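Participant: After the structure tokens below, expect a handful of questions from me.
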Amino acid sequence: MFSSKISIYCFLLITITKYSFAVGNYYQASFGKPANAVTLKAIELFGKDEKSKVQALDLGCGEGRDTIALLKRGWQVVAVDKKSQAFHWLNRHEAVQDHADSLICVEMSFEDLIISNLPVDSFDLIIANWSLPFCSKKHFSSVWQKLISHTKIGGRFAGNFFGKNHSWNLERPWLVFLDKTEVLNLFDSFAIEEFEEIEYDELSACGEEVHWHTYSVIAKRIK
Ligand SMILES: C[S@@+](CC[C@H](N)C(=O)[O-])C[C@H]1O[C@@H](n2cnc3c(N)ncnc32)[C@H](O)[C@@H]1O
């Protein structure tokens with residue numbers, strides 16, 4: 001009994017250490033990479049609307065490739081991540097020094113967002129790239145409802161979700177994996193502007209072989 005407890009403890013410790021190491025490697029590998037395609041497309045869509053660009057929320061900002069793209073284009077950005085390391089990397093970008101007045105960094109988990117007092121209808125654009133699948137399954141639905149409430153009517157969501165065929169669905173079943181209907185159902189109060197489901201094999205930023213199954217979405221809140 002005692003030894004099985006020790007084994008479980010060791011397994012958890014190794015898994016958490018491996019995850020922390022992988023996240024650190026991810027920041028290093030992503031540093032300086034261009035913004036995610038959905039972020040750039042969403043920014044363009046605002047241009048077409050001739051709408052003033054005001055506030056964006058970058059959820060799980062990481063080393064900040066999307067945050068940087070937004071800052072450089074004149075947006076105000078609230079960058080959220082649960083890892084202090086993310087902000088360590090984000091602050092290395094020159095653009096952060098150049099646009100310091102336009103950036104608020106919040107070290108917080110998505111789960112804590114549910115109880116945060118961010119004002120409702122406060123963001124023109126919510127970005128969540130390669131991040132929402134890491135939300136705890138238990139809180140995903142509440143986090144999503146909270147995100148909708150923070151999106152202005154006429155504001156947009158741009159980000160991605162993992163599909164059920166993703167190889168991490170076997171290796172890390174505690175992450176959030178959705179089927180197409182489940183993804184579409186998230187956007188009941190949005191008009192979908194871009195929707196792409198893709199599957200491919202590629203090494204992760206940390207050099208791990210991965211079968212990727214993702215849904216990328218850009219959507220405009222209409223009600
Ligand atoms: C794979 S990185 C993606 C970073 C960036 N969005 C990009 O596209 O390169 C995922 C980020 O989400 C953050 N993250 C994961 N789970 C989180 C949670 N529950 N709350 C807040 N941030 C989280 C991680 O710390 C990490 O920085």
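In the structure tokens, the first chain shown is A, the next is B, and so on; residue numbers restart at 1 for each chain, and ligands run from 1 in the order shown.
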Near Ile153 in chain A, within 10 Å and counting only C-alpha atoms, which residues show up once chain neighbours fewer than 4 positions away are dropped, as a PDB file with C-alpha atoms, in the first residue's frame?
Facilitator:
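Output saved as part_11.pdb:
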```
ATOM      1  CA  ASP A 121     -18.488  42.799 -22.966  1.00  0.00           C
ATOM      2  CA  SER A 122     -14.989  44.166 -22.619  1.00  0.00           C
ATOM      3  CA  PHE A 123     -13.010  42.637 -25.501  1.00  0.00           C
ATOM      4  CA  ASP A 124     -13.156  43.174 -29.253  1.00  0.00           C
ATOM      5  CA  ILE A 148     -18.444  34.648 -24.348  1.00  0.00           C
ATOM      6  CA  SER A 149     -19.556  37.152 -21.716  1.00  0.00           C
ATOM      7  CA  SER A 189     -24.097  33.072 -30.327  1.00  0.00           C
ATOM      8  CA  PHE A 190     -21.486  33.690 -33.056  1.00  0.00           C
ATOM      9  CA  LYS A 220     -17.993  37.033 -34.681  1.00  0.00           C
ATOM     10  CA  ARG A 221     -20.331  37.369 -31.706  1.00  0.00           C
ATOM     11  CA  ILE A 222     -23.778  38.322 -32.952  1.00  0.00           C
ATOM     12  CA  LYS A 223     -25.961  37.941 -29.845  1.00  0.00           C
TER      13      LYS A 223
END
```
Participant: Taking the backbone alone, and naming residues the way the document does, which bits of range 106-137 of chain A are alpha helix (DSSP H) by DSSP, as a PyMOL selection string?
Facilitator: chain A and resi 110-113+137
Participant: Give me a file of those residues, with N, CA and C atoms, as an mmCIF file, in the first residue's frame.
Facilitator:
```
data_model
loop_
_atom_site.group_PDB
_atom_site.id
_atom_site.type_symbol
_atom_site.label_atom_id
_atom_site.label_comp_id
_atom_site.auth_asym_id
_atom_site.auth_seq_id
_atom_site.Cartn_x
_atom_site.Cartn_y
_atom_site.Cartn_z
ATOM 1 N N PHE A 110 -6.879 29.865 -16.530
ATOM 2 C CA PHE A 110 -8.205 30.045 -17.145
ATOM 3 C C PHE A 110 -9.297 29.784 -16.111
ATOM 4 N N GLU A 111 -9.035 28.801 -15.251
ATOM 5 C CA GLU A 111 -10.026 28.407 -14.261
ATOM 6 C C GLU A 111 -10.323 29.587 -13.318
ATOM 7 N N ASP A 112 -9.295 30.392 -13.007
ATOM 8 C CA ASP A 112 -9.500 31.553 -12.136
ATOM 9 C C ASP A 112 -10.218 32.693 -12.846
ATOM 10 N N LEU A 113 -10.179 32.638 -14.159
ATOM 11 C CA LEU A 113 -10.886 33.645 -14.963
ATOM 12 C C LEU A 113 -12.380 33.631 -14.624
ATOM 13 N N LYS A 137 -10.842 19.835 -17.811
ATOM 14 C CA LYS A 137 -12.112 19.376 -18.391
ATOM 15 C C LYS A 137 -13.297 19.870 -17.563
#
```
Participant: Write out as number ranges by chain each polymer residue (protein, DNA or RNA) that has an atom no more than 9 Å from ligand 1, with only C-alpha atoms and all ligand atoms counted.
Facilitator: A: 20, 23-24, 26-27, 30-31, 33, 35-36, 58-67, 80-87, 107-113, 127-136, 159, 205
Participant: Just to be explicit: take each residue in the selection above, keep C-alpha atoms, and write the result as a CSV table (one decimal), in the first residue's frame.
Facilitator:
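Output (out15.csv):
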```csv
chain,number,residue,atom,x,y,z
A,20,SER,CA,7.2,22.0,-16.9
A,23,VAL,CA,6.5,24.2,-21.5
A,24,GLY,CA,9.9,25.9,-21.0
A,26,TYR,CA,8.1,25.4,-26.0
A,27,TYR,CA,8.7,29.1,-25.2
A,30,SER,CA,8.4,29.5,-30.3
A,31,PHE,CA,10.3,32.7,-29.5
A,33,LYS,CA,7.9,32.8,-34.6
A,35,ALA,CA,1.8,35.1,-35.1
A,36,ASN,CA,-0.7,32.3,-35.6
A,58,ASP,CA,-4.7,36.7,-25.5
A,59,LEU,CA,-5.4,33.5,-23.5
A,60,GLY,CA,-2.5,31.3,-22.8
A,61,CYS,CA,-0.2,33.9,-24.4
A,62,GLY,CA,3.0,31.9,-24.0
A,63,GLU,CA,6.1,33.7,-25.2
A,64,GLY,CA,3.7,36.1,-26.9
A,65,ARG,CA,3.8,35.7,-30.6
A,66,ASP,CA,0.1,36.8,-31.0
A,67,THR,CA,0.3,39.5,-28.3
A,80,VAL,CA,-3.1,35.9,-19.6
A,81,ASP,CA,-1.0,32.9,-18.7
A,82,LYS,CA,-0.7,30.7,-15.7
A,83,LYS,CA,3.1,30.4,-16.1
A,84,SER,CA,5.4,33.2,-14.9
A,85,GLN,CA,8.0,31.8,-17.4
A,86,ALA,CA,5.6,32.9,-20.2
A,87,PHE,CA,6.0,36.6,-19.2
A,107,GLU,CA,-0.6,35.6,-14.3
A,108,MET,CA,-3.7,33.6,-13.9
A,109,SER,CA,-5.2,30.3,-14.8
A,110,PHE,CA,-8.2,30.0,-17.1
A,111,GLU,CA,-10.0,28.4,-14.3
A,112,ASP,CA,-9.5,31.6,-12.1
A,113,LEU,CA,-10.9,33.6,-15.0
A,127,ILE,CA,-7.4,34.9,-29.0
A,128,ALA,CA,-6.8,31.4,-27.7
A,129,ASN,CA,-4.2,29.5,-29.7
A,130,TRP,CA,-3.0,26.1,-28.6
A,131,SER,CA,-4.2,26.9,-25.1
A,132,LEU,CA,-7.8,26.1,-24.3
A,133,PRO,CA,-7.3,22.4,-24.7
A,134,PHE,CA,-5.1,22.7,-21.6
A,135,CYS,CA,-8.0,24.0,-19.5
A,136,SER,CA,-9.3,21.5,-17.0
A,159,GLY,CA,-8.2,30.3,-31.8
A,205,ALA,CA,7.8,22.4,-30.7
```
Participant: Using only C-alpha atoms, which of the listed residues (A:Thr39, A:Gln76, A:Ser141, A:Asn185) sits closest to Ser102 in chain A?
Facilitator: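 Nearest to Ser102 in chain A: A:Gln76.
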Participant: Could you list, as a list of chain:residue names, every residue within 12 Å of Glu209 in chain A, counting only C-alpha atoms and ignoring same-chain residues fewer than 5 positions away?
Facilitator: A:His166, A:Ser167, A:Trp168, A:Glu171, A:Tyr200, A:Asp201, A:Glu202, A:Leu203, A:Ser204
Participant: Which residues are near Lys72 in chain A? Cut-off 9 Å, only C-alpha atoms, ignore same chain within fewer than 2 positions. Put them as number ranges by chain.
Facilitator: A: 67-70, 74-75, 95, 98-99
Participant: What does the file look like for those residues with C-alpha atoms, as a PDB file, in the first residue's frame?
Facilitator:
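Result file follows (part-v1.pdb):
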```pdb
ATOM      1  CA  THR A  67       0.347  39.494 -28.336  1.00  0.00           C
ATOM      2  CA  ILE A  68       3.319  41.015 -30.187  1.00  0.00           C
ATOM      3  CA  ALA A  69       1.442  41.026 -33.524  1.00  0.00           C
ATOM      4  CA  LEU A  70      -1.480  42.827 -31.868  1.00  0.00           C
ATOM      5  CA  GLY A  74      -1.987  49.319 -32.302  1.00  0.00           C
ATOM      6  CA  TRP A  75      -4.137  47.036 -30.138  1.00  0.00           C
ATOM      7  CA  ALA A  95       7.843  45.431 -29.032  1.00  0.00           C
ATOM      8  CA  ASP A  98       7.919  49.948 -27.321  1.00  0.00           C
ATOM      9  CA  HIS A  99       4.231  49.430 -26.443  1.00  0.00           C
TER      10      HIS A  99
END
```
Participant: Could you tell me, as number ranges by chain, which residues of range 35-145 of chain A DSSP assigns to strand (DSSP E) when given the backbone?
Facilitator: A: 55-59, 76-81, 103-107, 123-128
Participant: Any chance you can output those residues with N, CA and C atoms as a CSV table (one decimal), in the first residue's frame?
Facilitator:
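Full text of selection33.csv as output:
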```csv
chain,number,residue,atom,x,y,z
A,55,GLN,N,-9.5,46.5,-27.6
A,55,GLN,CA,-9.0,45.6,-26.6
A,55,GLN,C,-9.0,44.1,-27.1
A,56,ALA,N,-7.9,43.5,-26.9
A,56,ALA,CA,-7.8,42.1,-27.1
A,56,ALA,C,-7.3,41.3,-25.9
A,57,LEU,N,-7.8,40.1,-25.8
A,57,LEU,CA,-7.4,39.2,-24.7
A,57,LEU,C,-6.7,38.0,-25.3
A,58,ASP,N,-5.4,37.8,-24.9
A,58,ASP,CA,-4.7,36.7,-25.5
A,58,ASP,C,-4.6,35.6,-24.3
A,59,LEU,N,-5.3,34.6,-24.5
A,59,LEU,CA,-5.4,33.5,-23.5
A,59,LEU,C,-4.4,32.5,-23.6
A,76,GLN,N,-4.7,47.3,-27.8
A,76,GLN,CA,-4.4,47.2,-26.4
A,76,GLN,C,-4.6,45.7,-26.0
A,77,VAL,N,-3.6,45.1,-25.3
A,77,VAL,CA,-3.7,43.6,-25.1
A,77,VAL,C,-3.7,43.3,-23.6
A,78,VAL,N,-4.6,42.4,-23.2
A,78,VAL,CA,-4.4,41.8,-21.9
A,78,VAL,C,-3.9,40.4,-22.1
A,79,ALA,N,-2.7,40.1,-21.7
A,79,ALA,CA,-2.1,38.8,-22.0
A,79,ALA,C,-2.2,37.9,-20.7
A,80,VAL,N,-2.9,36.8,-20.8
A,80,VAL,CA,-3.1,35.9,-19.6
A,80,VAL,C,-2.3,34.6,-19.8
A,81,ASP,N,-1.7,34.2,-18.8
A,81,ASP,CA,-1.0,32.9,-18.7
A,81,ASP,C,-0.8,32.5,-17.3
A,103,LEU,N,0.0,47.2,-22.9
A,103,LEU,CA,0.0,45.7,-22.5
A,103,LEU,C,-0.3,45.6,-21.0
A,104,ILE,N,-1.2,44.7,-20.7
A,104,ILE,CA,-1.4,44.3,-19.3
A,104,ILE,C,-1.1,42.8,-19.2
A,105,CYS,N,-0.2,42.3,-18.4
A,105,CYS,CA,0.1,40.9,-18.2
A,105,CYS,C,-0.6,40.4,-17.0
A,106,VAL,N,-1.3,39.3,-17.1
A,106,VAL,CA,-2.0,38.8,-15.9
A,106,VAL,C,-1.6,37.3,-15.7
A,107,GLU,N,-0.9,37.0,-14.6
A,107,GLU,CA,-0.6,35.6,-14.3
A,107,GLU,C,-1.7,35.0,-13.6
A,123,PHE,N,-14.1,42.9,-24.5
A,123,PHE,CA,-13.0,42.6,-25.5
A,123,PHE,C,-13.6,42.6,-26.9
A,124,ASP,N,-12.8,43.2,-27.8
A,124,ASP,CA,-13.2,43.2,-29.3
A,124,ASP,C,-12.7,41.9,-29.9
A,125,LEU,N,-11.6,41.3,-29.3
A,125,LEU,CA,-11.0,40.1,-29.9
A,125,LEU,C,-10.5,39.2,-28.7
A,126,ILE,N,-10.9,38.0,-28.7
A,126,ILE,CA,-10.3,37.0,-27.8
A,126,ILE,C,-9.6,36.0,-28.6
A,127,ILE,N,-8.3,35.9,-28.3
A,127,ILE,CA,-7.4,34.9,-29.0
A,127,ILE,C,-7.1,33.8,-28.0
A,128,ALA,N,-7.2,32.6,-28.5
A,128,ALA,CA,-6.8,31.4,-27.7
A,128,ALA,C,-6.2,30.4,-28.6
```
